[in-house]
>>> print(open('model_25.cif').read())   # mmCIF, C-alpha atoms and all ligand atoms
data_structure
loop_
_atom_site.label_atom_id
_atom_site.label_comp_id
_atom_site.auth_asym_id
_atom_site.auth_seq_id
_atom_site.Cartn_x
_atom_site.Cartn_y
_atom_site.Cartn_z
CA MET A 1 0.00 0.00 0.00
CA ILE A 2 1.37 3.41 -1.00
CA ILE A 3 0.75 6.50 1.14
CA ALA A 4 0.87 9.64 -0.99
CA GLU A 5 1.00 13.08 0.62
CA THR A 6 1.33 15.23 -2.47
CA ILE A 7 -0.81 15.64 -5.55
CA GLU A 8 2.14 14.69 -7.71
CA GLN A 9 2.72 11.44 -5.78
CA ILE A 10 -0.92 10.33 -5.98
CA ARG A 11 -1.14 11.23 -9.67
CA ASP A 12 1.99 9.19 -10.43
CA ALA A 13 0.68 6.23 -8.41
CA VAL A 14 -2.74 6.31 -10.10
CA GLU A 15 -1.08 6.68 -13.50
CA SER A 16 0.91 3.52 -12.89
CA LEU A 17 -2.35 1.63 -12.01
CA ARG A 18 -3.88 2.97 -15.24
CA GLN A 19 -0.91 1.74 -17.24
CA GLN A 20 -1.62 -1.74 -15.86
CA GLY A 21 -5.16 -1.39 -17.23
CA LYS A 22 -6.76 -1.17 -13.78
CA THR A 23 -10.02 0.55 -12.95
CA VAL A 24 -9.91 2.84 -9.92
CA GLY A 25 -12.43 3.23 -7.08
CA LEU A 26 -12.19 6.28 -4.80
CA ILE A 27 -13.41 6.59 -1.22
CA PRO A 28 -13.14 10.18 -0.01
CA THR A 29 -12.97 10.31 3.80
CA MET A 30 -11.93 12.63 6.60
CA GLY A 31 -10.26 9.69 8.39
CA ALA A 32 -11.23 8.31 11.83
CA LEU A 33 -12.22 5.30 9.76
CA HIS A 34 -14.94 2.99 11.04
CA GLN A 35 -17.07 0.09 9.85
CA GLY A 36 -19.07 2.41 7.59
CA HIS A 37 -15.92 3.40 5.67
CA MET A 38 -14.74 -0.20 5.61
CA SER A 39 -18.00 -1.27 3.97
CA LEU A 40 -17.29 1.32 1.24
CA VAL A 41 -13.82 -0.18 0.80
CA ARG A 42 -15.36 -3.66 0.42
CA GLN A 43 -17.78 -2.38 -2.21
CA ALA A 44 -14.98 -0.60 -4.06
CA ARG A 45 -12.86 -3.75 -4.03
CA GLN A 46 -15.74 -5.72 -5.53
CA GLN A 47 -16.38 -3.19 -8.27
CA CYS A 48 -12.91 -1.85 -9.15
CA ASP A 49 -9.41 -3.28 -9.65
CA ALA A 50 -7.72 -0.75 -7.37
CA VAL A 51 -8.94 1.22 -4.37
CA VAL A 52 -7.84 4.71 -3.33
CA VAL A 53 -8.85 6.10 0.09
CA THR A 54 -8.35 9.80 0.70
CA ILE A 55 -7.89 10.95 4.28
CA PHE A 56 -8.27 14.70 4.53
CA VAL A 57 -10.02 16.69 7.25
CA ASN A 58 -11.34 19.30 4.85
CA PRO A 59 -11.28 22.73 6.55
CA THR A 60 -13.60 24.37 4.02
CA GLN A 61 -16.60 22.28 5.06
CA PHE A 62 -16.44 23.29 8.74
CA GLY A 63 -18.18 26.45 9.96
CA PRO A 64 -16.37 28.86 12.32
CA GLN A 65 -17.95 27.37 15.47
CA GLU A 66 -17.59 23.75 14.41
CA ASP A 67 -15.23 20.94 15.44
CA LEU A 68 -12.39 21.31 12.89
CA GLU A 69 -9.64 21.40 15.53
CA ALA A 70 -11.18 18.66 17.66
CA TYR A 71 -11.99 16.36 14.73
CA PRO A 72 -10.22 13.02 15.41
CA ARG A 73 -7.10 12.30 13.31
CA PRO A 74 -5.90 8.78 14.22
CA PHE A 75 -3.77 8.41 11.08
CA GLU A 76 -1.71 5.34 12.13
CA GLN A 77 -4.87 3.43 13.03
CA ASP A 78 -6.56 4.48 9.76
CA ALA A 79 -3.56 3.37 7.70
CA ALA A 80 -3.53 -0.02 9.49
CA LEU A 81 -7.25 -0.52 8.74
CA CYS A 82 -6.68 0.37 5.08
CA LEU A 83 -3.76 -2.02 4.80
CA GLN A 84 -5.80 -4.82 6.36
CA ALA A 85 -8.71 -4.11 4.00
CA GLY A 86 -6.56 -4.30 0.86
CA VAL A 87 -6.53 -0.59 -0.04
CA ASP A 88 -3.93 0.14 -2.74
CA LEU A 89 -3.34 3.84 -2.17
CA ILE A 90 -3.96 6.35 0.60
CA PHE A 91 -3.94 10.03 -0.35
CA SER A 92 -3.42 12.09 2.77
CA PRO A 93 -2.53 15.66 1.79
CA SER A 94 -1.97 18.62 4.11
CA PRO A 95 -4.42 21.57 3.92
CA ASP A 96 -1.61 23.53 2.27
CA GLU A 97 -1.18 20.88 -0.42
CA MET A 98 -4.91 20.97 -1.17
CA TYR A 99 -5.59 24.69 -0.90
CA GLY A 100 -2.19 26.39 -1.25
CA GLN A 101 -2.67 30.12 -0.81
CA GLY A 102 -6.44 29.65 -0.48
CA GLY A 103 -8.64 29.02 -3.47
CA LEU A 104 -10.71 31.64 -5.26
CA THR A 105 -12.85 29.01 -6.97
CA TRP A 106 -15.80 27.23 -5.39
CA VAL A 107 -18.19 24.61 -6.68
CA THR A 108 -21.71 25.30 -5.45
CA VAL A 109 -24.84 23.26 -5.96
CA GLU A 110 -27.85 25.51 -5.45
CA LYS A 111 -31.22 24.74 -3.81
CA LEU A 112 -30.40 21.18 -2.68
CA THR A 113 -27.83 22.65 -0.28
CA GLU A 114 -30.14 25.30 1.19
CA THR A 115 -32.35 22.93 3.16
CA LEU A 116 -31.85 20.34 5.96
CA CYS A 117 -28.17 20.49 7.08
CA GLY A 118 -27.59 23.51 4.81
CA GLU A 119 -29.86 25.64 7.03
CA SER A 120 -27.65 25.43 10.10
CA ARG A 121 -24.40 24.82 8.13
CA PRO A 122 -24.67 27.35 5.29
CA THR A 123 -21.12 26.92 3.93
CA HIS A 124 -20.78 23.19 4.56
CA PHE A 125 -21.85 21.75 1.20
CA ARG A 126 -19.85 24.27 -0.80
CA GLY A 127 -16.77 22.93 1.04
CA VAL A 128 -17.80 19.32 0.35
CA THR A 129 -18.51 19.84 -3.36
CA THR A 130 -15.33 21.85 -3.86
CA VAL A 131 -13.10 19.29 -2.16
CA CYS A 132 -14.81 16.38 -3.93
CA THR A 133 -14.31 18.12 -7.29
CA LYS A 134 -10.64 18.57 -6.47
CA LEU A 135 -10.29 14.93 -5.38
CA PHE A 136 -12.12 13.70 -8.49
CA ASN A 137 -9.82 15.85 -10.67
CA ILE A 138 -6.68 14.69 -8.87
CA VAL A 139 -7.47 10.95 -8.78
CA GLN A 140 -9.78 10.68 -11.82
CA PRO A 141 -11.52 7.55 -10.53
CA ASP A 142 -13.99 5.41 -12.46
CA LYS A 143 -16.26 5.27 -9.42
CA ALA A 144 -16.52 7.07 -6.08
CA PHE A 145 -18.23 5.49 -3.08
CA PHE A 146 -20.35 7.34 -0.49
CA GLY A 147 -22.55 6.24 2.41
CA GLN A 148 -26.33 6.72 2.48
CA LYS A 149 -25.96 7.97 6.06
CA ASP A 150 -25.00 11.35 4.59
CA ALA A 151 -28.10 11.33 2.40
CA GLN A 152 -28.08 15.02 1.51
CA GLN A 153 -24.36 14.93 0.71
CA VAL A 154 -24.98 12.02 -1.67
CA ILE A 155 -27.83 13.82 -3.46
CA VAL A 156 -25.77 17.01 -3.77
CA ILE A 157 -22.71 15.18 -5.13
CA GLN A 158 -24.80 13.15 -7.58
CA ARG A 159 -26.34 16.36 -8.87
CA MET A 160 -22.95 18.06 -9.19
CA VAL A 161 -21.57 15.10 -11.17
CA GLN A 162 -24.61 15.15 -13.43
CA ASP A 163 -24.69 18.93 -13.94
CA LEU A 164 -20.95 19.25 -14.61
CA ASN A 165 -20.68 16.07 -16.72
CA MET A 166 -17.99 14.64 -14.48
CA PRO A 167 -16.80 11.33 -15.95
CA LEU A 168 -17.32 9.03 -12.98
CA GLU A 169 -20.06 6.98 -11.35
CA ILE A 170 -21.24 7.70 -7.81
CA VAL A 171 -21.99 4.51 -5.91
CA VAL A 172 -24.18 4.84 -2.81
CA CYS A 173 -23.76 2.21 -0.09
CA PRO A 174 -26.16 1.42 2.79
CA THR A 175 -25.82 3.00 6.24
CA ILE A 176 -23.90 0.76 8.62
CA ARG A 177 -25.36 0.55 12.11
CA GLU A 178 -24.19 -0.61 15.53
CA ASN A 179 -26.08 -3.62 16.93
CA ASP A 180 -28.48 -1.28 18.74
CA GLY A 181 -29.25 0.65 15.54
CA LEU A 182 -27.10 3.77 16.03
CA ALA A 183 -25.68 4.82 12.65
CA VAL A 184 -21.89 4.42 12.73
CA SER A 185 -20.17 7.83 12.59
CA SER A 186 -16.78 9.31 13.45
CA ARG A 187 -18.61 11.81 15.66
CA ASN A 188 -20.11 9.05 17.86
CA GLN A 189 -16.86 9.14 19.80
CA TYR A 190 -17.89 12.55 21.19
CA LEU A 191 -20.79 10.86 23.08
CA THR A 192 -20.52 10.29 26.83
CA PRO A 193 -21.54 6.79 28.02
CA ASP A 194 -25.02 8.10 28.96
CA GLU A 195 -25.50 9.89 25.62
CA ARG A 196 -24.33 6.76 23.79
CA LYS A 197 -27.01 4.80 25.69
CA TYR A 198 -29.76 7.20 24.55
CA ALA A 199 -28.52 7.71 20.96
CA PRO A 200 -30.18 4.60 19.40
CA ALA A 201 -33.54 6.29 20.10
CA LEU A 202 -32.90 8.38 16.98
CA TYR A 203 -33.03 5.36 14.67
CA GLN A 204 -35.98 3.96 16.65
CA THR A 205 -37.78 7.23 15.95
CA LEU A 206 -37.16 6.87 12.21
CA GLN A 207 -38.36 3.26 12.37
CA TRP A 208 -41.50 4.37 14.20
CA CYS A 209 -42.19 6.80 11.36
CA GLU A 210 -41.72 4.07 8.76
CA GLY A 211 -44.12 1.84 10.70
CA GLU A 212 -46.76 4.60 10.75
CA VAL A 213 -46.40 5.07 6.98
CA GLN A 214 -46.81 1.33 6.50
CA THR A 215 -50.07 1.42 8.43
CA GLY A 216 -51.36 4.19 6.15
CA GLN A 217 -50.35 7.54 7.68
CA ARG A 218 -49.58 10.02 4.88
CA GLN A 219 -49.67 13.38 6.74
CA ALA A 220 -46.13 14.66 7.21
CA THR A 221 -47.13 17.00 10.06
CA ALA A 222 -48.55 14.17 12.16
CA LEU A 223 -45.43 12.07 11.59
CA ILE A 224 -43.04 14.94 12.33
CA ASP A 225 -44.98 15.83 15.51
CA GLY A 226 -44.75 12.20 16.63
CA MET A 227 -41.02 12.02 15.95
CA THR A 228 -40.43 15.37 17.67
CA ARG A 229 -42.21 14.11 20.81
CA GLN A 230 -40.04 11.00 20.86
CA VAL A 231 -36.74 12.84 20.35
CA ASN A 232 -37.67 15.42 22.99
CA ARG A 233 -37.87 12.56 25.51
CA ILE A 234 -34.12 11.87 25.07
CA PRO A 235 -32.30 13.64 27.94
CA GLY A 236 -30.16 16.52 26.60
CA ALA A 237 -31.28 16.14 22.98
CA GLU A 238 -31.59 19.36 20.96
CA ILE A 239 -33.34 19.02 17.64
CA ASP A 240 -31.71 20.76 14.67
CA TYR A 241 -34.32 19.38 12.28
CA ILE A 242 -36.71 16.49 11.74
CA ARG A 243 -38.02 16.54 8.21
CA ILE A 244 -39.80 14.43 5.61
CA VAL A 245 -38.76 15.45 2.10
CA ASP A 246 -39.00 14.22 -1.45
CA ALA A 247 -36.07 11.83 -1.93
CA GLN A 248 -34.90 13.54 -5.12
CA THR A 249 -35.69 17.23 -4.82
CA LEU A 250 -35.45 17.48 -1.01
CA GLY A 251 -38.60 19.63 -1.11
CA ASN A 252 -40.86 19.26 1.94
CA ALA A 253 -43.41 16.48 1.52
CA GLU A 254 -46.76 17.46 3.02
CA ILE A 255 -48.76 14.47 1.89
CA LEU A 256 -46.39 11.54 1.48
CA ARG A 257 -46.15 9.88 -1.91
CA ASP A 258 -43.56 8.05 -4.05
CA ARG A 259 -40.25 7.91 -2.23
CA VAL A 260 -39.48 10.12 0.75
CA LEU A 261 -36.42 10.76 2.85
CA VAL A 262 -37.10 10.92 6.56
CA ALA A 263 -34.11 12.77 7.98
CA LEU A 264 -33.07 14.20 11.31
CA ALA A 265 -30.18 16.07 12.88
CA VAL A 266 -30.00 16.17 16.65
CA ARG A 267 -27.37 17.49 19.02
CA LEU A 268 -26.54 15.22 21.91
CA GLY A 269 -23.88 16.83 24.10
CA ARG A 270 -20.87 17.60 21.89
CA ALA A 271 -22.10 15.43 19.02
CA ARG A 272 -24.35 16.55 16.19
CA LEU A 273 -25.84 13.28 14.96
CA ILE A 274 -27.59 12.83 11.63
CA ASP A 275 -29.57 9.84 10.44
CA ASN A 276 -32.18 9.07 7.80
CA ILE A 277 -34.24 6.39 6.13
CA LEU A 278 -35.73 6.20 2.65
CA VAL A 279 -39.37 5.14 2.67
CA ASP A 280 -41.20 3.88 -0.40
CA VAL A 281 -44.72 5.20 0.03
CA GLY A 282 -46.20 4.09 -3.28
CA GLY A 283 -48.62 6.21 -5.34
O1 LIG A 301 -18.33 12.51 4.17
C1 LIG A 301 -17.20 12.98 4.44
O2 LIG A 301 -16.43 12.41 5.23
C2 LIG A 301 -16.75 14.28 3.79
O3 LIG A 301 -17.82 15.16 3.67
C3 LIG A 301 -16.06 14.06 2.44
C4 LIG A 301 -17.00 13.49 1.41
C5 LIG A 301 -14.86 13.14 2.62
C6 LIG A 301 -15.54 15.40 1.89
O4 LIG A 301 -14.58 15.95 2.73
#
>>> encode(input="model_25.cif", output="structure tokens")
Amino acid sequence: MIIAETIEQIRDAVESLRQQGKTVGLIPTMGALHQGHMSLVRQARQQCDAVVVTIFVNPTQFGPQEDLEAYPRPFEQDAALCLQAGVDLIFSPSPDEMYGQGGLTWVTVEKLTETLCGESRPTHFRGVTTVCTKLFNIVQPDKAFFGQKDAQQVIVIQRMVQDLNMPLEIVVCPTIRENDGLAVSSRNQYLTPDERKYAPALYQTLQWCEGEVQTGQRQATALIDGMTRQVNRIPGAEIDYIRIVDAQTLGNAEILRDRVLVALAVRLGRARLIDNILVDVGG
């Protein structure tokens, strides 16, 4: 496994894979790798000849009051996990290598980024789409793999790739959960033991909503009220949003139909947790 720290090194390494006729799968990450990332690596290994993992805590997607400094950076552990999982290349650039003097160019997807997480994190998705564009340009993968847990991120990146005719396929992989249902996330390590005990209630709330839809409930307000009551019972939980939106446009669904995304963001102590489920409502 090669660890590249510069753009030149990763380009040379990818070029040599290309010369061997290999297809390349990319998994962009901010490190602190967990089972969710490892499931993306497994998918990439199944679908591509060579796998590149990028480890870069991207400063441009953090707001001024967010956890950029505190974000975990266990690089040795991440590299060991990648080695074990059969990753071919790690690209782990410094912020200076990625942004030099500071870029003047941003990639912005409109509308889809103005709702849900974009409301409380107004510059977040612009940072994500800009860094992903840079990573796609640097590595030029055939496919890039993302987790459904970051549902809005996936929709935004898919739209960017479509709108800008980027020559790669975005592969979306299922959310990986702990045994008690909590979606695996690097930010779960911010939870105290008590918060960790309460956190699975978020997924249970989403499952409750799905159950209600299955028994015929179609009124978004009733479902959101029910979920809000449940989340408010979690000690210390502060709701950022609980929303039911169209799974493609992210527009609010009032009467549920087709396919909806039920999504929530809740602060629990130091952690801001997000989770979602896709629900097929039918006609
Ligand atoms: O999902 C993440 O970890 C980040 O948003 C990503 C896609 C690696 C961009 O920095």
>>> atom_distance(input="model_25.cif", atom1="atom CA of Leu264 of chain A", atom2="atom CA of Ala183 of chain A")
12.0 Å
>>> closest_residue(input="model_25.cif", among="A:His124, A:Lys134, A:Arg259, A:Arg218", to="Pro64 of chain A", atoms="only C-alpha atoms")
A:His124
>>> closest_residue(input="model_25.cif", among="A:Val128, A:Leu81, A:Met166, A:Leu206", to="ligand LIG 301 (chain A)", atoms="all atoms listed in the file")
A:Val128
>>> closest_atom_pairs(input="model_25.cif", of="chain A", to="ligand LIG 301 (chain A)", cutoff="6 Å", atoms="only C-alpha atoms and all ligand atoms", output="Markdown table")
| residue | atom | partner | partner_atom | distance |
| --- | --- | --- | --- | --- |
| A:Pro28 | CA | A:LIG301 | C5 | 4.3 |
| A:Thr29 | CA | A:LIG301 | C5 | 3.6 |
| A:Met30 | CA | A:LIG301 | O2 | 4.7 |
| A:Asn58 | CA | A:LIG301 | O4 | 5.1 |
| A:Val128 | CA | A:LIG301 | C6 | 4.8 |
| A:Cys132 | CA | A:LIG301 | C6 | 5.9 |
>>> closest_atom_pairs(input="model_25.cif", of="segment 81-156 of chain A", to="segment 234-243 of chain A", cutoff="9 Å", atoms="only C-alpha atoms", output="tab-separated table")
residue	atom	partner	partner_atom	distance
A:Leu116	CA	A:Tyr241	CA	6.9
A:Cys117	CA	A:Tyr241	CA	8.1
A:Ser120	CA	A:Asp240	CA	7.7
>>> closest_residue(input="model_25.cif", among="A:Leu26, A:Val161, A:Met1, A:Ile7", to="Gln47 of chain A", atoms="only C-alpha atoms")
A:Leu26
>>> closest_residue(input="model_25.cif", among="A:Glu169, A:Thr129, A:Gly25, A:Arg121", to="Thr105 of chain A", atoms="all atoms listed in the file")
A:Thr129
>>> atom_distance(input="model_25.cif", atom1="atom CA of Gly282 of chain A", atom2="atom CA of Val260 of chain A")
9.9 Å
>>> residues_around(input="model_25.cif", residues="segment 136-143 of chain A", least_positions_apart="4", cutoff="12 Å", atoms="only C-alpha atoms", output="PyMOL selection string")
chain A and resi 4+6-18+22-28+40-41+43-54+89-91+93+97-98+128-132+157-158+160-161+166-172
>>> residues_near_point(input="model_25.cif", point="(-42.7, 13.5, 18.0)", cutoff="12 Å", atoms="all atoms listed in the file", output="short mmCIF file (atom, residue, chain, number, x, y, z; two decimals) with C-alpha atoms, in the coordinates of the input")
data_model
loop_
_atom_site.label_atom_id
_atom_site.label_comp_id
_atom_site.auth_asym_id
_atom_site.auth_seq_id
_atom_site.Cartn_x
_atom_site.Cartn_y
_atom_site.Cartn_z
CA ALA A 201 -33.54 6.29 20.10
CA LEU A 202 -32.90 8.38 16.98
CA GLN A 204 -35.98 3.96 16.65
CA THR A 205 -37.78 7.23 15.95
CA LEU A 206 -37.16 6.87 12.21
CA TRP A 208 -41.50 4.37 14.20
CA CYS A 209 -42.19 6.80 11.36
CA ALA A 220 -46.13 14.66 7.21
CA THR A 221 -47.13 17.00 10.06
CA ALA A 222 -48.55 14.17 12.16
CA LEU A 223 -45.43 12.07 11.59
CA ILE A 224 -43.04 14.94 12.33
CA ASP A 225 -44.98 15.83 15.51
CA GLY A 226 -44.75 12.20 16.63
CA MET A 227 -41.02 12.02 15.95
CA THR A 228 -40.43 15.37 17.67
CA ARG A 229 -42.21 14.11 20.81
CA GLN A 230 -40.04 11.00 20.86
CA VAL A 231 -36.74 12.84 20.35
CA ASN A 232 -37.67 15.42 22.99
CA ARG A 233 -37.87 12.56 25.51
CA ILE A 234 -34.12 11.87 25.07
CA ILE A 239 -33.34 19.02 17.64
CA TYR A 241 -34.32 19.38 12.28
CA ILE A 242 -36.71 16.49 11.74
CA ARG A 243 -38.02 16.54 8.21
CA LEU A 264 -33.07 14.20 11.31
#
>>> residues_around(input="model_25.cif", residues="Thr192 of chain A", least_positions_apart="2", cutoff="12 Å", atoms="only C-alpha atoms", output="short mmCIF file (atom, residue, chain, number, x, y, z; two decimals) with C-alpha atoms, in the frame of the given file")
data_model
loop_
_atom_site.label_atom_id
_atom_site.label_comp_id
_atom_site.auth_asym_id
_atom_site.auth_seq_id
_atom_site.Cartn_x
_atom_site.Cartn_y
_atom_site.Cartn_z
CA ARG A 187 -18.61 11.81 15.66
CA ASN A 188 -20.11 9.05 17.86
CA GLN A 189 -16.86 9.14 19.80
CA TYR A 190 -17.89 12.55 21.19
CA ASP A 194 -25.02 8.10 28.96
CA GLU A 195 -25.50 9.89 25.62
CA ARG A 196 -24.33 6.76 23.79
CA LYS A 197 -27.01 4.80 25.69
CA TYR A 198 -29.76 7.20 24.55
CA ALA A 199 -28.52 7.71 20.96
CA GLY A 236 -30.16 16.52 26.60
CA LEU A 268 -26.54 15.22 21.91
CA GLY A 269 -23.88 16.83 24.10
CA ARG A 270 -20.87 17.60 21.89
CA ALA A 271 -22.10 15.43 19.02
#
